[in-house]
Amino acid sequence: MTALPPLREVIARHGLQASKALGQNFLLDGQLLARIARIPGDLAGTEVLEIGPGPGGLTRALLATGASVVAIERDRRCMPALAELGDAYPGKLRIIEDDALAVDAPRLFAGKPHIVANLPYNIGTALLIGWLSAPWVPWWQSLTLMFQKEVADRIVAPVDSEHYGRLSILAQWRTTARVAMAVHRSAFTPPPKVMSAVVHLTPLDSPADVRLAVLEQITAAAFGQRRKMLRQSLKSVAGAAEALEMIGVEPTRRAETVSVAEFVALARILSIAREARAIR
């Protein structure tokens, strides 16, 4: 590993402080960062996209694996510290000063990168939904992402549990998702008010004949009125009552008791029916 000064020293020398407005919380524990960088597997010789590197703590750990890193950072204050990392790993780090929500990330890579990031809390969910909603098969190999624990719980929640909802279904329809590790709030500088967790997601084959827009419509209606029975919450979705009968789901059930597979089956029937009407 390239010899680098302690991260605390770099932060102090450049006068960096985490910005609440940008959702920043810096991780400084080198061993913890190395553990996160190992979650996707062997990254040697691979491409990695990192969002919100800040002063470069996780970036260091990723570069140490032998990966080539593209880092998107909108905070100009962090550019000198990141540039030093680029000097330490010639040709291995590309820094893009921009808003990650505005960057056309797939165009940055010739192949499929791993995405590994301690995501800024204020844009993390939006980024994940964007990556899961893009045309499938995805342009990335895997996602290793730090979230607030509450968001992580929603991503991996099983059916009929407290956190199960629209994000659970979207994530588990298209990926295998697991909580790879918990991260205590005390690991951050400054410590956030909430606990965090790293979620690892690997893509699945997308089921045939299922339109994302239809699945989103169904789950929005069902969980928008999650305490109501499906026959009431899905009343606005044309054909839903007949589709429920076709897949054997009782209309007296509530949204949180309907599995991902059942929602996908419902969406498939409605997608096929709408496609047939469009052809006619």
# chains A, B, ... in the order shown; residues from 1 in each chain; ligands from 1
call {"tool": "residues_around", "arguments": {"residues": "Ala21 of chain A", "least_positions_apart": "3", "cutoff": "12 Å", "atoms": "only C-alpha atoms", "output": "list in words"}}
result
Gln17, Ala18, Gln24, Asn25, Arg74, Asp75, Pro120, Tyr121, Asn122 and Ile123 of chain A
call {"tool": "closest_atom_pairs", "arguments": {"of": "segment 69-116 of chain A", "to": "segment 144-148 of chain A", "cutoff": "9 Å", "atoms": "only C-alpha atoms", "output": "Markdown table"}}
result
| residue | atom | partner | partner_atom | distance |
| --- | --- | --- | --- | --- |
| A:His114 | CA | A:Thr144 | CA | 7.8 |
| A:Ile115 | CA | A:Thr144 | CA | 6.1 |
| A:Val116 | CA | A:Thr144 | CA | 4.7 |
call {"tool": "write_last_selection", "arguments": {"atoms": "N, CA, C and O atoms", "output": "PDB file, in the first residue's frame"}}
result
ATOM      1  N   HIS A 114     -18.113  -1.612 -10.070  1.00  0.00           N
ATOM      2  CA  HIS A 114     -18.751  -1.754  -8.773  1.00  0.00           C
ATOM      3  C   HIS A 114     -18.997  -0.341  -8.248  1.00  0.00           C
ATOM      4  O   HIS A 114     -18.181   0.554  -8.480  1.00  0.00           O
ATOM      5  N   ILE A 115     -20.103  -0.143  -7.576  1.00  0.00           N
ATOM      6  CA  ILE A 115     -20.363   1.144  -6.926  1.00  0.00           C
ATOM      7  C   ILE A 115     -20.195   0.936  -5.428  1.00  0.00           C
ATOM      8  O   ILE A 115     -20.861   0.078  -4.833  1.00  0.00           O
ATOM      9  N   VAL A 116     -19.282   1.677  -4.834  1.00  0.00           N
ATOM     10  CA  VAL A 116     -18.986   1.567  -3.403  1.00  0.00           C
ATOM     11  C   VAL A 116     -18.971   2.975  -2.835  1.00  0.00           C
ATOM     12  O   VAL A 116     -18.207   3.827  -3.312  1.00  0.00           O
TER      13      VAL A 116
END
call {"tool": "select_by_dssp", "arguments": {"residues": "segment 129-222 of chain A", "states": "strand (DSSP E or B)", "output": "VMD selection string"}}
result
chain A and resid 142 to 148 175 to 183 188 to 189 196 to 203
call {"tool": "residues_around", "arguments": {"residues": "segment 150-161 of chain A", "least_positions_apart": "3", "cutoff": "7 Å", "atoms": "only C-alpha atoms", "output": "list in words"}}
result
Phe147, Tyr164, Gly165, Leu167, Ser168, Ala171, Ala177, Arg178, Ala197, Val199, Glu256, Thr257, Val258 and Ser259 of chain A
call {"tool": "closest_atom_pairs", "arguments": {"of": "segment 150-216 of chain A", "to": "segment 229-253 of chain A", "cutoff": "12 Å", "atoms": "only C-alpha atoms", "output": "tab-separated table"}}
result
residue	atom	partner	partner_atom	distance
A:Asp160	CA	A:Arg253	CA	11.0
A:Val214	CA	A:Val237	CA	9.4
A:Leu215	CA	A:Val237	CA	11.0
A:Glu216	CA	A:Val237	CA	11.3
call {"tool": "atom_distance", "arguments": {"atom1": "atom CA of Ile11 of chain A", "atom2": "atom CA of Ala64 of chain A"}}
result
19.4 Å
call {"tool": "closest_residue", "arguments": {"among": "A:Leu266, A:Ile51, A:Ile272, A:Ile169", "to": "Leu132 of chain A", "atoms": "only C-alpha atoms"}}
result
A:Ile169
call {"tool": "residues_around", "arguments": {"residues": "Thr46 of chain A", "least_positions_apart": "2", "cutoff": "6 Å", "atoms": "only C-alpha atoms", "output": "number ranges by chain"}}
result
A: 43-44, 67
call {"tool": "write_last_selection", "arguments": {"atoms": "N, CA and C atoms", "output": "short mmCIF file (atom, residue, chain, number, x, y, z; two decimals), in the first residue's frame"}}
result
data_model
loop_
_atom_site.label_atom_id
_atom_site.label_comp_id
_atom_site.auth_asym_id
_atom_site.auth_seq_id
_atom_site.Cartn_x
_atom_site.Cartn_y
_atom_site.Cartn_z
N LEU A 43 -11.35 -6.58 -5.68
CA LEU A 43 -11.51 -5.45 -6.60
C LEU A 43 -10.26 -5.19 -7.43
N ALA A 44 -9.22 -5.97 -7.27
CA ALA A 44 -7.98 -5.74 -8.01
C ALA A 44 -8.25 -5.76 -9.52
N ALA A 67 -8.00 -1.35 -7.23
CA ALA A 67 -9.04 -0.89 -8.13
C ALA A 67 -8.68 0.46 -8.73
#
call {"tool": "closest_residue", "arguments": {"among": "A:Ser19, A:Asp42, A:Leu128, A:Ala102", "to": "Arg76 of chain A", "atoms": "only C-alpha atoms"}}
result
A:Ser19
call {"tool": "residues_around", "arguments": {"residues": "Glu84 of chain A", "least_positions_apart": "4", "cutoff": "10 Å", "atoms": "only C-alpha atoms", "output": "PyMOL selection string"}}
result
chain A and resi 4+10+56+79-80+88-89
call {"tool": "closest_residue", "arguments": {"among": "A:Ser142, A:Asn118, A:Arg166, A:Asp98", "to": "His200 of chain A", "atoms": "only C-alpha atoms"}}
result
A:Ser142
call {"tool": "atom_distance", "arguments": {"atom1": "atom CA of Arg77 of chain A", "atom2": "atom CA of Trp140 of chain A"}}
result
28.6 Å
call {"tool": "atom_distance", "arguments": {"atom1": "atom CA of Leu58 of chain A", "atom2": "atom CA of Leu7 of chain A"}}
result
10.5 Å
call {"tool": "select_by_dssp", "arguments": {"residues": "segment 130-249 of chain A", "states": "helix (DSSP H, G or I)", "output": "ChimeraX atom specification"}}
result
/A:130-133,149-156,166-174,185-187,212-224,230-233,240-247
call {"tool": "closest_residue", "arguments": {"among": "A:Arg107, A:Lys228, A:His163, A:Lys149", "to": "Val194 of chain A", "atoms": "only C-alpha atoms"}}
result
A:Lys149
